[in-house]
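Participant: Can you keep this structure in mind? I'll have questions shortly.
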Amino acid sequence: MLQSIYLIRHAKATGQEPDAELTDEGLRQAEKLAEKLAIHSISYIVSSPWKRTLQTAMPLARAALQQLHTDERLQERVLSTRHLENWMEVLERTYTDEDWMEEGGESSRFATARGMEVLEECWSRPEQSAAVITHGNLLSLLIRHYQKSFGYEEWRLLTNPDVYVLERQQGEQESPSIRRIWTD
């Protein structure tokens, strides 16, 4: 039964759209991430299908000799289907009102729920550790699920890449512990 889930934000990218690629620096960061995580014996890897997350996950999959799985539920949270000049204000509001959403967007509650479905499926897998590669806002919502004080200001402090680990003891059913392990 799974004991650790590594929650990973993608490396530095050229933009926010689904097909945005990693920058040259981001590609180097992805290689470094794979090297640093090699000691953790990750045996299941699942990623958002967006290009920058796949490019972040591929070196890890190669280093761990594991297949890379994709899951659309890990794609970035949609704030709105229209262009928002004030998107930072909109994002901040979603941390104080989990049910609020802009036109065509997802509420924090909805986005968290789809991400948590993936994590619950990971916990039930037979492997000991998994890596989940996603995007900054969705990552922050998953962290917030376990650490209620994590909000907009903490989201702003996330780095590209960033790594948090969820850990629980053998047979333990209570909420796992969470801590940041990425240092660069």
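Letters A, B, ... mark the chains of the structure tokens in the order given; residue numbers begin at 1 per chain; ligand numbers begin at 1, in order shown.
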Mind checking which residues fall within 8 Å of Tyr95 of chain A, counting only C-alpha atoms, ignoring those fewer than 4 positions away in the same chain, and posting them as a ChimeraX atom specification?

Facilitator: /A:91,108,151-152

Participant: Go ahead and save the picked residues with all heavy atoms, as a PDB file, in the first residue's frame.

Facilitator:
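Written out: selection11.pdb:
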```
ATOM      1  N   LEU A  91      -7.841  35.103  -8.492  1.00  0.00           N
ATOM      2  CA  LEU A  91      -7.240  33.937  -7.847  1.00  0.00           C
ATOM      3  C   LEU A  91      -7.243  34.093  -6.333  1.00  0.00           C
ATOM      4  O   LEU A  91      -7.608  33.166  -5.605  1.00  0.00           O
ATOM      5  CB  LEU A  91      -5.817  33.726  -8.362  1.00  0.00           C
ATOM      6  CG  LEU A  91      -5.087  32.518  -7.793  1.00  0.00           C
ATOM      7  CD1 LEU A  91      -5.803  31.227  -8.162  1.00  0.00           C
ATOM      8  CD2 LEU A  91      -3.649  32.489  -8.290  1.00  0.00           C
ATOM      9  N   SER A 108     -12.664  26.651  -6.324  1.00  0.00           N
ATOM     10  CA  SER A 108     -11.580  25.949  -5.627  1.00  0.00           C
ATOM     11  C   SER A 108     -12.057  24.590  -5.147  1.00  0.00           C
ATOM     12  O   SER A 108     -11.323  23.606  -5.212  1.00  0.00           O
ATOM     13  CB  SER A 108     -11.086  26.773  -4.438  1.00  0.00           C
ATOM     14  OG  SER A 108     -10.414  27.927  -4.873  1.00  0.00           O
ATOM     15  N   GLY A 151      -2.584  29.305   1.582  1.00  0.00           N
ATOM     16  CA  GLY A 151      -3.489  30.135   0.789  1.00  0.00           C
ATOM     17  C   GLY A 151      -2.787  30.876  -0.319  1.00  0.00           C
ATOM     18  O   GLY A 151      -1.742  30.444  -0.823  1.00  0.00           O
ATOM     19  N   TYR A 152      -3.349  32.009  -0.673  1.00  0.00           N
ATOM     20  CA  TYR A 152      -2.857  32.804  -1.789  1.00  0.00           C
ATOM     21  C   TYR A 152      -1.395  33.202  -1.604  1.00  0.00           C
ATOM     22  O   TYR A 152      -0.595  33.067  -2.540  1.00  0.00           O
ATOM     23  CB  TYR A 152      -3.740  34.048  -1.942  1.00  0.00           C
ATOM     24  CG  TYR A 152      -3.270  35.004  -2.988  1.00  0.00           C
ATOM     25  CD1 TYR A 152      -3.457  34.738  -4.341  1.00  0.00           C
ATOM     26  CD2 TYR A 152      -2.629  36.197  -2.624  1.00  0.00           C
ATOM     27  CE1 TYR A 152      -3.009  35.625  -5.312  1.00  0.00           C
ATOM     28  CE2 TYR A 152      -2.186  37.082  -3.597  1.00  0.00           C
ATOM     29  CZ  TYR A 152      -2.388  36.797  -4.940  1.00  0.00           C
ATOM     30  OH  TYR A 152      -1.933  37.666  -5.897  1.00  0.00           O
TER      31      TYR A 152
END
```

Participant: So, counting only C-alpha atoms, which residue among A:Glu106, A:Asp97, A:Ile5, A:Ala34 is closest to Glu121 of chain A?

Facilitator: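 Checking each of A:Glu106, A:Asp97, A:Ile5, A:Ala34 against Glu121 of chain A, counting only C-alpha atoms, the winner is A:Ile5.
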
Participant: List every residue of chain A that DSSP, applied to the backbone of this structure, places in alpha helix (DSSP H), and write the result as a PyMOL selection string.

Facilitator: chain A and resi 24-37+51-64+87-96+108-123+136-146+152-157

Participant: For the residues in that selection, give me C-alpha atoms as a PDB file, in the first residue's frame.

Facilitator:
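To be explicit, this is the file written out as part-v7.pdb:
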```pdb
ATOM      1  CA  ASP A  24      15.895  25.755 -21.459  1.00  0.00           C
ATOM      2  CA  GLU A  25      16.264  26.430 -17.740  1.00  0.00           C
ATOM      3  CA  GLY A  26      13.102  24.408 -17.110  1.00  0.00           C
ATOM      4  CA  LEU A  27      14.514  21.442 -19.033  1.00  0.00           C
ATOM      5  CA  ARG A  28      17.642  21.575 -16.843  1.00  0.00           C
ATOM      6  CA  GLN A  29      15.434  21.841 -13.735  1.00  0.00           C
ATOM      7  CA  ALA A  30      13.489  18.733 -14.804  1.00  0.00           C
ATOM      8  CA  GLU A  31      16.754  16.771 -15.077  1.00  0.00           C
ATOM      9  CA  LYS A  32      17.865  18.016 -11.651  1.00  0.00           C
ATOM     10  CA  LEU A  33      14.471  17.113 -10.190  1.00  0.00           C
ATOM     11  CA  ALA A  34      14.831  13.554 -11.521  1.00  0.00           C
ATOM     12  CA  GLU A  35      18.308  13.282  -9.972  1.00  0.00           C
ATOM     13  CA  LYS A  36      17.128  14.552  -6.578  1.00  0.00           C
ATOM     14  CA  LEU A  37      14.068  12.289  -6.493  1.00  0.00           C
ATOM     15  CA  LYS A  51       3.152  19.738 -22.247  1.00  0.00           C
ATOM     16  CA  ARG A  52       5.149  21.457 -19.464  1.00  0.00           C
ATOM     17  CA  THR A  53       4.171  18.839 -16.891  1.00  0.00           C
ATOM     18  CA  LEU A  54       4.970  15.981 -19.251  1.00  0.00           C
ATOM     19  CA  GLN A  55       8.363  17.524 -19.998  1.00  0.00           C
ATOM     20  CA  THR A  56       8.951  17.798 -16.232  1.00  0.00           C
ATOM     21  CA  ALA A  57       7.870  14.206 -15.629  1.00  0.00           C
ATOM     22  CA  MET A  58       9.772  12.488 -18.461  1.00  0.00           C
ATOM     23  CA  PRO A  59      13.286  12.652 -16.933  1.00  0.00           C
ATOM     24  CA  LEU A  60      11.870  11.297 -13.665  1.00  0.00           C
ATOM     25  CA  ALA A  61      10.138   8.428 -15.477  1.00  0.00           C
ATOM     26  CA  ARG A  62      13.377   7.591 -17.298  1.00  0.00           C
ATOM     27  CA  ALA A  63      15.467   7.755 -14.109  1.00  0.00           C
ATOM     28  CA  ALA A  64      12.963   5.646 -12.148  1.00  0.00           C
ATOM     29  CA  TRP A  87      -6.555  37.414 -12.675  1.00  0.00           C
ATOM     30  CA  MET A  88      -4.384  37.698  -9.537  1.00  0.00           C
ATOM     31  CA  GLU A  89      -7.282  39.339  -7.642  1.00  0.00           C
ATOM     32  CA  VAL A  90      -9.644  36.676  -8.950  1.00  0.00           C
ATOM     33  CA  LEU A  91      -7.240  33.937  -7.847  1.00  0.00           C
ATOM     34  CA  GLU A  92      -6.852  35.494  -4.386  1.00  0.00           C
ATOM     35  CA  ARG A  93     -10.638  35.567  -3.953  1.00  0.00           C
ATOM     36  CA  THR A  94     -10.848  31.825  -4.716  1.00  0.00           C
ATOM     37  CA  TYR A  95      -8.802  31.114  -1.577  1.00  0.00           C
ATOM     38  CA  THR A  96     -11.263  32.966   0.667  1.00  0.00           C
ATOM     39  CA  SER A 108     -11.580  25.949  -5.627  1.00  0.00           C
ATOM     40  CA  ARG A 109     -13.825  23.272  -4.152  1.00  0.00           C
ATOM     41  CA  PHE A 110     -14.404  21.637  -7.554  1.00  0.00           C
ATOM     42  CA  ALA A 111     -10.740  21.776  -8.620  1.00  0.00           C
ATOM     43  CA  THR A 112      -9.622  20.386  -5.254  1.00  0.00           C
ATOM     44  CA  ALA A 113     -12.131  17.541  -5.529  1.00  0.00           C
ATOM     45  CA  ARG A 114     -10.859  16.393  -8.919  1.00  0.00           C
ATOM     46  CA  GLY A 115      -7.242  16.502  -7.721  1.00  0.00           C
ATOM     47  CA  MET A 116      -8.131  14.632  -4.534  1.00  0.00           C
ATOM     48  CA  GLU A 117      -9.763  11.879  -6.608  1.00  0.00           C
ATOM     49  CA  VAL A 118      -6.361  11.244  -8.195  1.00  0.00           C
ATOM     50  CA  LEU A 119      -4.618  11.233  -4.804  1.00  0.00           C
ATOM     51  CA  GLU A 120      -7.177   8.808  -3.335  1.00  0.00           C
ATOM     52  CA  GLU A 121      -6.591   6.474  -6.275  1.00  0.00           C
ATOM     53  CA  CYS A 122      -2.838   6.764  -5.695  1.00  0.00           C
ATOM     54  CA  TRP A 123      -3.212   5.854  -2.001  1.00  0.00           C
ATOM     55  CA  GLY A 136       0.904  25.633  -9.295  1.00  0.00           C
ATOM     56  CA  ASN A 137      -2.694  26.497  -8.526  1.00  0.00           C
ATOM     57  CA  LEU A 138      -3.937  22.919  -8.374  1.00  0.00           C
ATOM     58  CA  LEU A 139      -0.893  21.959  -6.300  1.00  0.00           C
ATOM     59  CA  SER A 140      -1.676  24.751  -3.841  1.00  0.00           C
ATOM     60  CA  LEU A 141      -5.258  23.517  -3.497  1.00  0.00           C
ATOM     61  CA  LEU A 142      -4.084  19.962  -2.808  1.00  0.00           C
ATOM     62  CA  ILE A 143      -1.629  21.213  -0.189  1.00  0.00           C
ATOM     63  CA  ARG A 144      -4.426  23.333   1.317  1.00  0.00           C
ATOM     64  CA  HIS A 145      -6.553  20.217   1.711  1.00  0.00           C
ATOM     65  CA  TYR A 146      -3.957  18.895   4.184  1.00  0.00           C
ATOM     66  CA  TYR A 152      -2.857  32.804  -1.789  1.00  0.00           C
ATOM     67  CA  GLU A 153       0.355  34.136  -0.213  1.00  0.00           C
ATOM     68  CA  GLU A 154       1.783  30.602   0.073  1.00  0.00           C
ATOM     69  CA  TRP A 155       0.828  29.954  -3.565  1.00  0.00           C
ATOM     70  CA  ARG A 156       2.841  33.050  -4.537  1.00  0.00           C
ATOM     71  CA  LEU A 157       5.889  31.541  -2.800  1.00  0.00           C
TER      72      LEU A 157
END
```

Participant: Work out how far atom CA of His135 of chain A is from atom CA of Ile178 of chain A, in Å to one decimal.

Facilitator: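 These atoms are spaced 17.6 Å apart.
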